[in-house]
Each structure stands twice: as structure tokens, then as C-alpha cells.
Amino acid sequence: MRSLFALTLAALALGVHAQDTHQIIVKPKEGSSRFTSVNAEIEIMGMEIKIETEAESTITKVNPDGTFVEITKVTKAVQKMNDQQSTQDAGGERSTTRDKRGRVLERKGEETDENSARMSAAIDFVAPAQAVAVGETWELEEPANEATKAPKTKQKGTLKGIEEMDGKKVYVIEFENTLLEEPTMGGKGTIWLEVETGELVKLDAVLVNATIQGMQAEGHIVIKSRARS
């Protein structure tokens with residue numbers, strides 16, 4: 001009788017543990033759109049560069065395996081260099097295919113240069129393959145990506161908790177990326193993802209040991225995203 005009672009408690013404990021884990025995946029709806037803004041402050045050899053971009057993305061296709069295609073159109077692109085402002089062409093459009101962990105599988109349209117690809121890889125977030133509990137830390141490695149020109153990257157992440165942001169429940173995840181190809185650099189910060197859809201709500205990160213065109217650089221990047229109402 002005691003053995004049966006012990007087994008019952010163990011089964012209940014396993015059930016509670018399973019409920020406490022979270023599978024972080026992107027679950028977009030076909031036809032849905034989001035507005036995203038990027039604000040970056042980069043300092044290279046005493047030169048300050050501020051970049052502000054805004055874009056609208058629409059999910060045009062969701063496949064049975066969870067991969068999806070999004071079309072992104074830049075609506076605003078402004079660059080300030082030492083208080084000198086220039087407005088760049090904001091008409092670029094790009095098609096990106098991602099899997100449910102957020103990894104880029106294919107990209108068509110606007111070309112990405114090597115420096116931009118490395119900066120993006122330094123702050124890009126890929127969800128873990130396994131379900132994780134609050135407080136749990138994981139590590140993963142992503143191979144070099146021909147679609148994005150991103151080098152091989154190592155990522156460490158921790159699910160810090162779940163909170164409310166803009167009226168939605170969000171995962172709060174701290175992450176640190178390290179590019180594993182020379183010259184090495186990385187990025188670290190916090191990302192907030194919608195619990196229901198896995199979509200990005202906010203990212204706040206800094207570049208670590210960054211090198212841009214052979215010069216040491218520091219950078220702070222904030223990305224915010226919201227669904228079109």
C-alpha cells in the first residue's frame with residue numbers, strides 16, 4: 001500500500017514538473033502583420049552612429065511543419081553620424097522563411113553585407129529545441145548560415161520568468177551570443193517573446209567585443225514589435 005502511495009506521489013510530481021516547462025516556439029497566423037522599430041547606437045573610434053528603422057512584416061504562408069514565410073517592407077530608414085542625418089531608401093522588401101524556433105532557412109530580396117550579418121547574428125535569438133523551466137539555462141550552437149551570411153554562433157539562454165507587457169503574457173529570456181569565426185564578437189541582453197505566439201515584443205542588447213570593418217566598436221540595440229490592430 002505504501003509503495004502504491006509513493007508511486008502516486010511520484011506521478012503527481014512528474015505531472016507538476018511537466019506543467020512547469022515551456023516549449024518556446026513561433027506560432028504565427030497566416031495573414032497577420034506586425035510593425036517593428038529598430039534603434040541602434042554604435043560608436044566606432046569616437047564616431048557616433050545612430051540608426052532608426054521601421055518596418056512592416058506580413059506572414060504570407062504557414063506550412064504544416066511550422067515553417068513560415070514573412071514579407072518585410074522597410075518604411076523608414078534614418079542614419080545619423082556625428083549629428084549629420086541622412087535618410088536612406090526605405091522601399092526595400094525582403095522575403096524570409098523561418099522555422100518554428102525562429103531560424104532563418106531562406107532569404108530573398110534585399111542583400112545583407114557581412115558587417116550587418118555579423119551584427120545581426122550577435123543579437124539573433126534562436127529558441128531551444130527542448131521545453132525549459134523558469135530559471136533553466138541552455139546552450140546551443142548554430143552553424144554558419146548561407147541565407148543570412150551569419151557565421152557559426154554559440155548561444156546561451158536562460159528563461160528568467162513570465163510577466164505582462166503591453167497587456168500580453170511574455171517570456172523574459174536573457175541570452176548571450178558568441179560568434180565562433182574570426183574576428184570573434186558577440187552580443188548579450190534580454191528578449192521578451194509573446195507566450196501565445198512566440199513573436200518578438202522587445203529586445204534590448206549590447207554588442208560585446210565588436211569589430212566593424214576592422215575597427216573596435218560598441219553598440220546598444222533596442223527592437224520593439226507589435227501586432228497590427
# chains A, B, ... in the order shown; residues from 1 in each chain; ligands from 1
$ residues_around --residues "Ile221 in chain A" --least-positions-apart "5" --cutoff "9 Å" --atoms "only C-alpha atoms" --output "CSV table (one decimal) with C-alpha atoms, in the first residue's frame"
chain,number,residue,atom,x,y,z
A,38,VAL,CA,14.9,49.3,-34.5
A,39,ASN,CA,17.0,51.9,-32.7
A,40,ALA,CA,20.8,51.3,-32.7
A,41,GLU,CA,23.6,53.4,-31.3
A,42,ILE,CA,27.0,52.4,-32.5
A,123,ILE,CA,21.8,39.6,-31.2
A,203,LEU,CA,14.8,43.1,-27.5
A,204,ASP,CA,17.4,45.1,-25.6
A,205,ALA,CA,21.0,44.1,-26.2
A,206,VAL,CA,24.6,45.4,-26.4
A,207,LEU,CA,27.4,44.3,-28.7
$ select_by_dssp --residues "range 2-229 of chain A" --states "alpha helix (DSSP H)" --output "VMD selection string"
chain A and resid 2 to 19 114 to 123
$ select_by_dssp --residues "chain A" --states "strand (DSSP E)" --output "count of residues only"
127
$ atom_distance --atom1 "CA of Thr36 in chain A" --atom2 "CA of Ile223 in chain A"
7.0 Å
$ closest_residue --among "A:Glu70, A:Asp99, A:Glu136, A:Glu181" --to "Lys160 in chain A" --atoms "only C-alpha atoms"
A:Glu136
$ residues_around --residues "Val208 in chain A" --least-positions-apart "4" --cutoff "7 Å" --atoms "only C-alpha atoms" --output "list in words"
Met185, Gly186 and Gly187 of chain A
$ write_last_selection --atoms "all heavy atoms" --output "PDB file, in the first residue's frame"
ATOM      1  N   MET A 185      33.180  38.070 -31.981  1.00  0.00           N
ATOM      2  CA  MET A 185      32.447  39.136 -31.301  1.00  0.00           C
ATOM      3  C   MET A 185      31.169  38.507 -30.774  1.00  0.00           C
ATOM      4  O   MET A 185      30.939  37.301 -30.930  1.00  0.00           O
ATOM      5  CB  MET A 185      32.134  40.304 -32.247  1.00  0.00           C
ATOM      6  CG  MET A 185      31.223  39.961 -33.417  1.00  0.00           C
ATOM      7  SD  MET A 185      30.802  41.388 -34.444  1.00  0.00           S
ATOM      8  CE  MET A 185      29.551  42.203 -33.447  1.00  0.00           C
ATOM      9  N   GLY A 186      30.347  39.284 -30.132  1.00  0.00           N
ATOM     10  CA  GLY A 186      29.117  38.715 -29.601  1.00  0.00           C
ATOM     11  C   GLY A 186      28.134  39.784 -29.199  1.00  0.00           C
ATOM     12  O   GLY A 186      28.296  40.971 -29.498  1.00  0.00           O
ATOM     13  N   GLY A 187      27.101  39.338 -28.514  1.00  0.00           N
ATOM     14  CA  GLY A 187      26.075  40.239 -28.018  1.00  0.00           C
ATOM     15  C   GLY A 187      25.359  39.597 -26.850  1.00  0.00           C
ATOM     16  O   GLY A 187      25.330  38.378 -26.725  1.00  0.00           O
TER      17      GLY A 187
END
$ closest_residue --among "A:Lys156, A:Lys61, A:Lys50, A:Arg118" --to "Gln79 in chain A" --atoms "only C-alpha atoms"
A:Lys50
$ closest_residue --among "A:Pro64, A:Glu164, A:Thr153, A:Ile71" --to "Thr184 in chain A" --atoms "only C-alpha atoms"
A:Thr153
$ closest_residue --among "A:Arg228, A:Arg94, A:Lys80, A:Lys202" --to "Val170 in chain A" --atoms "only C-alpha atoms"
A:Lys202
$ closest_residue --among "A:Ile24, A:Asn63, A:Thr87, A:Phe68" --to "Thr158 in chain A" --atoms "only C-alpha atoms"
A:Ile24
$ closest_residue --among "A:Ala147, A:Ile59, A:Ile162, A:Ile44" --to "Asp113 in chain A" --atoms "only C-alpha atoms"
A:Ala147
$ atom_distance --atom1 "CA of Asn115 in chain A" --atom2 "CA of Gly214 in chain A"
9.9 Å
$ residues_around --residues "Val195 in chain A" --least-positions-apart "6" --cutoff "12 Å" --atoms "only C-alpha atoms" --output "PDB file with N, CA and C atoms, in the first residue's frame"
ATOM      1  N   HIS A  22       8.202  24.956 -20.529  1.00  0.00           N
ATOM      2  CA  HIS A  22       7.612  25.758 -21.604  1.00  0.00           C
ATOM      3  C   HIS A  22       8.335  25.484 -22.923  1.00  0.00           C
ATOM      4  N   GLN A  23       7.567  25.139 -23.939  1.00  0.00           N
ATOM      5  CA  GLN A  23       8.134  24.955 -25.277  1.00  0.00           C
ATOM      6  C   GLN A  23       8.022  26.286 -26.011  1.00  0.00           C
ATOM      7  N   ILE A  24       9.151  26.936 -26.198  1.00  0.00           N
ATOM      8  CA  ILE A  24       9.164  28.272 -26.803  1.00  0.00           C
ATOM      9  C   ILE A  24       9.267  28.126 -28.312  1.00  0.00           C
ATOM     10  N   ILE A  25       8.160  28.328 -29.010  1.00  0.00           N
ATOM     11  CA  ILE A  25       8.156  28.232 -30.466  1.00  0.00           C
ATOM     12  C   ILE A  25       7.330  29.379 -31.050  1.00  0.00           C
ATOM     13  N   VAL A  26       7.624  29.702 -32.304  1.00  0.00           N
ATOM     14  CA  VAL A  26       6.879  30.746 -33.006  1.00  0.00           C
ATOM     15  C   VAL A  26       5.658  30.104 -33.653  1.00  0.00           C
ATOM     16  N   LYS A  27       4.482  30.684 -33.377  1.00  0.00           N
ATOM     17  CA  LYS A  27       3.228  30.157 -33.936  1.00  0.00           C
ATOM     18  C   LYS A  27       2.454  31.294 -34.608  1.00  0.00           C
ATOM     19  N   PRO A  28       2.951  31.784 -35.740  1.00  0.00           N
ATOM     20  CA  PRO A  28       2.310  32.919 -36.398  1.00  0.00           C
ATOM     21  C   PRO A  28       1.020  32.514 -37.111  1.00  0.00           C
ATOM     22  N   GLY A 161      11.652  34.232 -16.501  1.00  0.00           N
ATOM     23  CA  GLY A 161      10.314  34.266 -15.937  1.00  0.00           C
ATOM     24  C   GLY A 161       9.268  34.604 -16.974  1.00  0.00           C
ATOM     25  N   ILE A 162       8.046  34.797 -16.497  1.00  0.00           N
ATOM     26  CA  ILE A 162       6.917  35.186 -17.339  1.00  0.00           C
ATOM     27  C   ILE A 162       6.267  36.403 -16.698  1.00  0.00           C
ATOM     28  N   GLU A 163       6.046  37.446 -17.500  1.00  0.00           N
ATOM     29  CA  GLU A 163       5.434  38.665 -16.975  1.00  0.00           C
ATOM     30  C   GLU A 163       4.489  39.245 -18.016  1.00  0.00           C
ATOM     31  N   GLU A 164       3.846  40.346 -17.664  1.00  0.00           N
ATOM     32  CA  GLU A 164       2.946  41.019 -18.608  1.00  0.00           C
ATOM     33  C   GLU A 164       3.638  42.224 -19.222  1.00  0.00           C
ATOM     34  N   MET A 165       3.445  42.392 -20.538  1.00  0.00           N
ATOM     35  CA  MET A 165       3.970  43.549 -21.248  1.00  0.00           C
ATOM     36  C   MET A 165       2.953  43.921 -22.320  1.00  0.00           C
ATOM     37  N   GLY A 167      -0.114  44.304 -22.087  1.00  0.00           N
ATOM     38  CA  GLY A 167      -1.348  43.535 -21.957  1.00  0.00           C
ATOM     39  C   GLY A 167      -1.241  42.076 -22.353  1.00  0.00           C
ATOM     40  N   LYS A 168      -0.022  41.589 -22.632  1.00  0.00           N
ATOM     41  CA  LYS A 168       0.159  40.199 -23.039  1.00  0.00           C
ATOM     42  C   LYS A 168       1.175  39.511 -22.139  1.00  0.00           C
ATOM     43  N   LYS A 169       0.994  38.201 -21.932  1.00  0.00           N
ATOM     44  CA  LYS A 169       1.984  37.441 -21.189  1.00  0.00           C
ATOM     45  C   LYS A 169       3.196  37.214 -22.086  1.00  0.00           C
ATOM     46  N   VAL A 170       4.380  37.444 -21.531  1.00  0.00           N
ATOM     47  CA  VAL A 170       5.606  37.302 -22.314  1.00  0.00           C
ATOM     48  C   VAL A 170       6.642  36.489 -21.544  1.00  0.00           C
ATOM     49  N   TYR A 171       7.433  35.719 -22.309  1.00  0.00           N
ATOM     50  CA  TYR A 171       8.613  35.086 -21.738  1.00  0.00           C
ATOM     51  C   TYR A 171       9.704  36.143 -21.613  1.00  0.00           C
ATOM     52  N   VAL A 172      10.426  36.118 -20.507  1.00  0.00           N
ATOM     53  CA  VAL A 172      11.576  37.010 -20.328  1.00  0.00           C
ATOM     54  C   VAL A 172      12.823  36.132 -20.378  1.00  0.00           C
ATOM     55  N   ILE A 173      13.658  36.354 -21.383  1.00  0.00           N
ATOM     56  CA  ILE A 173      14.809  35.481 -21.631  1.00  0.00           C
ATOM     57  C   ILE A 173      16.085  36.309 -21.704  1.00  0.00           C
ATOM     58  N   VAL A 201       8.398  40.802 -28.871  1.00  0.00           N
ATOM     59  CA  VAL A 201       7.785  42.027 -28.365  1.00  0.00           C
ATOM     60  C   VAL A 201       8.851  43.099 -28.164  1.00  0.00           C
TER      61      VAL A 201
END
$ atom_distance --atom1 "CA of Glu43 in chain A" --atom2 "CA of Leu179 in chain A"
19.8 Å
$ residues_around --residues "Glu110 in chain A" --least-positions-apart "4" --cutoff "9 Å" --atoms "only C-alpha atoms" --output "ChimeraX atom specification"
/A:92-95
$ decode --residues "range 89-223 of chain A" --atoms "C-alpha atoms" --output "PDB file, in the first residue's frame"
ATOM      1  CA  ASP A  89      15.929  54.340 -49.358  1.00  0.00           C
ATOM      2  CA  ALA A  90      13.024  52.884 -47.379  1.00  0.00           C
ATOM      3  CA  GLY A  91      11.476  50.908 -50.204  1.00  0.00           C
ATOM      4  CA  GLY A  92      13.361  47.651 -49.726  1.00  0.00           C
ATOM      5  CA  GLU A  93      11.348  44.424 -49.470  1.00  0.00           C
ATOM      6  CA  ARG A  94      12.558  41.027 -48.317  1.00  0.00           C
ATOM      7  CA  SER A  95      11.078  37.528 -48.125  1.00  0.00           C
ATOM      8  CA  THR A  96      12.244  35.336 -45.231  1.00  0.00           C
ATOM      9  CA  THR A  97      11.429  31.707 -44.474  1.00  0.00           C
ATOM     10  CA  ARG A  98      11.834  30.683 -40.829  1.00  0.00           C
ATOM     11  CA  ASP A  99      11.233  27.567 -38.781  1.00  0.00           C
ATOM     12  CA  LYS A 100       9.226  27.460 -35.556  1.00  0.00           C
ATOM     13  CA  ARG A 101      12.377  28.110 -33.485  1.00  0.00           C
ATOM     14  CA  GLY A 102      12.955  31.361 -35.371  1.00  0.00           C
ATOM     15  CA  ARG A 103      15.892  30.170 -37.501  1.00  0.00           C
ATOM     16  CA  VAL A 104      16.213  31.648 -40.994  1.00  0.00           C
ATOM     17  CA  LEU A 105      16.021  28.937 -43.667  1.00  0.00           C
ATOM     18  CA  GLU A 106      15.884  31.119 -46.764  1.00  0.00           C
ATOM     19  CA  ARG A 107      16.034  34.827 -47.553  1.00  0.00           C
ATOM     20  CA  LYS A 108      15.242  36.569 -50.831  1.00  0.00           C
ATOM     21  CA  GLY A 109      15.352  40.222 -51.821  1.00  0.00           C
ATOM     22  CA  GLU A 110      17.439  42.889 -50.140  1.00  0.00           C
ATOM     23  CA  GLU A 111      21.093  41.875 -49.822  1.00  0.00           C
ATOM     24  CA  THR A 112      22.856  41.867 -46.445  1.00  0.00           C
ATOM     25  CA  ASP A 113      26.523  42.862 -46.199  1.00  0.00           C
ATOM     26  CA  GLU A 114      28.963  40.953 -43.992  1.00  0.00           C
ATOM     27  CA  ASN A 115      29.135  43.583 -41.225  1.00  0.00           C
ATOM     28  CA  SER A 116      25.334  43.757 -40.932  1.00  0.00           C
ATOM     29  CA  ALA A 117      25.138  39.951 -40.951  1.00  0.00           C
ATOM     30  CA  ARG A 118      27.632  39.693 -38.093  1.00  0.00           C
ATOM     31  CA  MET A 119      25.847  42.340 -36.031  1.00  0.00           C
ATOM     32  CA  SER A 120      22.512  40.579 -36.569  1.00  0.00           C
ATOM     33  CA  ALA A 121      23.986  37.208 -35.583  1.00  0.00           C
ATOM     34  CA  ALA A 122      25.363  38.756 -32.390  1.00  0.00           C
ATOM     35  CA  ILE A 123      21.846  39.569 -31.177  1.00  0.00           C
ATOM     36  CA  ASP A 124      19.743  36.992 -33.049  1.00  0.00           C
ATOM     37  CA  PHE A 125      17.732  34.656 -30.808  1.00  0.00           C
ATOM     38  CA  VAL A 126      17.017  31.005 -31.558  1.00  0.00           C
ATOM     39  CA  ALA A 127      14.618  29.157 -29.259  1.00  0.00           C
ATOM     40  CA  PRO A 128      15.855  25.934 -27.637  1.00  0.00           C
ATOM     41  CA  ALA A 129      14.709  22.632 -29.158  1.00  0.00           C
ATOM     42  CA  GLN A 130      13.581  21.293 -25.782  1.00  0.00           C
ATOM     43  CA  ALA A 131      10.987  22.589 -23.330  1.00  0.00           C
ATOM     44  CA  VAL A 132      12.549  24.606 -20.496  1.00  0.00           C
ATOM     45  CA  ALA A 133      11.525  25.626 -16.996  1.00  0.00           C
ATOM     46  CA  VAL A 134      11.740  29.074 -15.440  1.00  0.00           C
ATOM     47  CA  GLY A 135      15.291  29.513 -14.176  1.00  0.00           C
ATOM     48  CA  GLU A 136      16.694  26.906 -16.572  1.00  0.00           C
ATOM     49  CA  THR A 137      19.755  27.696 -18.712  1.00  0.00           C
ATOM     50  CA  TRP A 138      20.561  26.091 -22.069  1.00  0.00           C
ATOM     51  CA  GLU A 139      23.316  26.292 -24.658  1.00  0.00           C
ATOM     52  CA  LEU A 140      23.177  25.664 -28.389  1.00  0.00           C
ATOM     53  CA  GLU A 141      25.294  26.133 -31.489  1.00  0.00           C
ATOM     54  CA  GLU A 142      24.043  27.303 -34.855  1.00  0.00           C
ATOM     55  CA  PRO A 143      26.106  26.520 -37.980  1.00  0.00           C
ATOM     56  CA  ALA A 144      27.091  29.212 -40.461  1.00  0.00           C
ATOM     57  CA  ASN A 145      24.019  30.318 -42.410  1.00  0.00           C
ATOM     58  CA  GLU A 146      24.368  30.918 -46.154  1.00  0.00           C
ATOM     59  CA  ALA A 147      20.926  32.537 -46.312  1.00  0.00           C
ATOM     60  CA  THR A 148      21.875  35.323 -43.880  1.00  0.00           C
ATOM     61  CA  LYS A 149      25.703  35.250 -44.271  1.00  0.00           C
ATOM     62  CA  ALA A 150      25.865  34.745 -40.496  1.00  0.00           C
ATOM     63  CA  PRO A 151      28.903  32.868 -39.108  1.00  0.00           C
ATOM     64  CA  LYS A 152      28.751  29.881 -36.775  1.00  0.00           C
ATOM     65  CA  THR A 153      27.340  31.096 -33.473  1.00  0.00           C
ATOM     66  CA  LYS A 154      27.081  29.811 -29.906  1.00  0.00           C
ATOM     67  CA  GLN A 155      24.145  30.893 -27.783  1.00  0.00           C
ATOM     68  CA  LYS A 156      23.467  30.673 -24.053  1.00  0.00           C
ATOM     69  CA  GLY A 157      19.983  31.452 -22.794  1.00  0.00           C
ATOM     70  CA  THR A 158      18.049  31.499 -19.529  1.00  0.00           C
ATOM     71  CA  LEU A 159      14.290  31.668 -19.097  1.00  0.00           C
ATOM     72  CA  LYS A 160      14.083  34.240 -16.301  1.00  0.00           C
ATOM     73  CA  GLY A 161      10.314  34.266 -15.937  1.00  0.00           C
ATOM     74  CA  ILE A 162       6.917  35.186 -17.339  1.00  0.00           C
ATOM     75  CA  GLU A 163       5.434  38.665 -16.975  1.00  0.00           C
ATOM     76  CA  GLU A 164       2.946  41.019 -18.608  1.00  0.00           C
ATOM     77  CA  MET A 165       3.970  43.549 -21.248  1.00  0.00           C
ATOM     78  CA  ASP A 166       1.520  45.648 -23.259  1.00  0.00           C
ATOM     79  CA  GLY A 167      -1.348  43.535 -21.957  1.00  0.00           C
ATOM     80  CA  LYS A 168       0.159  40.199 -23.039  1.00  0.00           C
ATOM     81  CA  LYS A 169       1.984  37.441 -21.189  1.00  0.00           C
ATOM     82  CA  VAL A 170       5.606  37.302 -22.314  1.00  0.00           C
ATOM     83  CA  TYR A 171       8.613  35.086 -21.738  1.00  0.00           C
ATOM     84  CA  VAL A 172      11.576  37.010 -20.328  1.00  0.00           C
ATOM     85  CA  ILE A 173      14.809  35.481 -21.631  1.00  0.00           C
ATOM     86  CA  GLU A 174      18.386  36.545 -21.016  1.00  0.00           C
ATOM     87  CA  PHE A 175      20.787  35.499 -23.759  1.00  0.00           C
ATOM     88  CA  GLU A 176      24.422  35.753 -24.771  1.00  0.00           C
ATOM     89  CA  ASN A 177      25.707  35.044 -28.276  1.00  0.00           C
ATOM     90  CA  THR A 178      29.303  34.420 -29.353  1.00  0.00           C
ATOM     91  CA  LEU A 179      30.379  34.324 -32.992  1.00  0.00           C
ATOM     92  CA  LEU A 180      32.782  31.416 -33.396  1.00  0.00           C
ATOM     93  CA  GLU A 181      34.542  32.655 -36.529  1.00  0.00           C
ATOM     94  CA  GLU A 182      37.332  35.240 -36.570  1.00  0.00           C
ATOM     95  CA  PRO A 183      37.189  38.030 -35.732  1.00  0.00           C
ATOM     96  CA  THR A 184      35.073  36.857 -32.802  1.00  0.00           C
ATOM     97  CA  MET A 185      32.447  39.136 -31.301  1.00  0.00           C
ATOM     98  CA  GLY A 186      29.117  38.715 -29.601  1.00  0.00           C
ATOM     99  CA  GLY A 187      26.075  40.239 -28.018  1.00  0.00           C
ATOM    100  CA  LYS A 188      24.066  39.893 -24.837  1.00  0.00           C
ATOM    101  CA  GLY A 189      20.806  41.178 -23.500  1.00  0.00           C
ATOM    102  CA  THR A 190      17.173  40.405 -22.804  1.00  0.00           C
ATOM    103  CA  ILE A 191      14.391  39.406 -25.163  1.00  0.00           C
ATOM    104  CA  TRP A 192      10.654  39.388 -24.485  1.00  0.00           C
ATOM    105  CA  LEU A 193       8.511  36.941 -26.519  1.00  0.00           C
ATOM    106  CA  GLU A 194       4.735  36.531 -26.519  1.00  0.00           C
ATOM    107  CA  VAL A 195       3.781  33.318 -24.715  1.00  0.00           C
ATOM    108  CA  GLU A 196       0.841  32.669 -27.040  1.00  0.00           C
ATOM    109  CA  THR A 197       2.566  33.198 -30.392  1.00  0.00           C
ATOM    110  CA  GLY A 198       6.308  33.221 -29.668  1.00  0.00           C
ATOM    111  CA  GLU A 199       6.536  36.546 -31.519  1.00  0.00           C
ATOM    112  CA  LEU A 200       9.086  39.191 -30.551  1.00  0.00           C
ATOM    113  CA  VAL A 201       7.785  42.027 -28.365  1.00  0.00           C
ATOM    114  CA  LYS A 202      11.071  43.648 -27.358  1.00  0.00           C
ATOM    115  CA  LEU A 203      14.816  43.075 -27.467  1.00  0.00           C
ATOM    116  CA  ASP A 204      17.407  45.112 -25.577  1.00  0.00           C
ATOM    117  CA  ALA A 205      21.024  44.126 -26.208  1.00  0.00           C
ATOM    118  CA  VAL A 206      24.601  45.363 -26.384  1.00  0.00           C
ATOM    119  CA  LEU A 207      27.439  44.271 -28.654  1.00  0.00           C
ATOM    120  CA  VAL A 208      30.437  42.614 -26.980  1.00  0.00           C
ATOM    121  CA  ASN A 209      33.998  42.856 -28.366  1.00  0.00           C
ATOM    122  CA  ALA A 210      32.528  44.069 -31.645  1.00  0.00           C
ATOM    123  CA  THR A 211      34.639  44.654 -34.741  1.00  0.00           C
ATOM    124  CA  ILE A 212      33.202  46.535 -37.713  1.00  0.00           C
ATOM    125  CA  GLN A 213      35.362  46.920 -40.807  1.00  0.00           C
ATOM    126  CA  GLY A 214      38.415  46.058 -38.716  1.00  0.00           C
ATOM    127  CA  MET A 215      37.703  48.705 -36.061  1.00  0.00           C
ATOM    128  CA  GLN A 216      36.622  48.188 -32.456  1.00  0.00           C
ATOM    129  CA  ALA A 217      33.012  49.181 -31.849  1.00  0.00           C
ATOM    130  CA  GLU A 218      30.443  49.428 -29.074  1.00  0.00           C
ATOM    131  CA  GLY A 219      26.736  49.218 -29.646  1.00  0.00           C
ATOM    132  CA  HIS A 220      23.323  49.295 -27.956  1.00  0.00           C
ATOM    133  CA  ILE A 221      20.324  47.997 -29.890  1.00  0.00           C
ATOM    134  CA  VAL A 222      16.632  48.118 -28.966  1.00  0.00           C
ATOM    135  CA  ILE A 223      13.976  46.404 -31.081  1.00  0.00           C
TER     136      ILE A 223
END
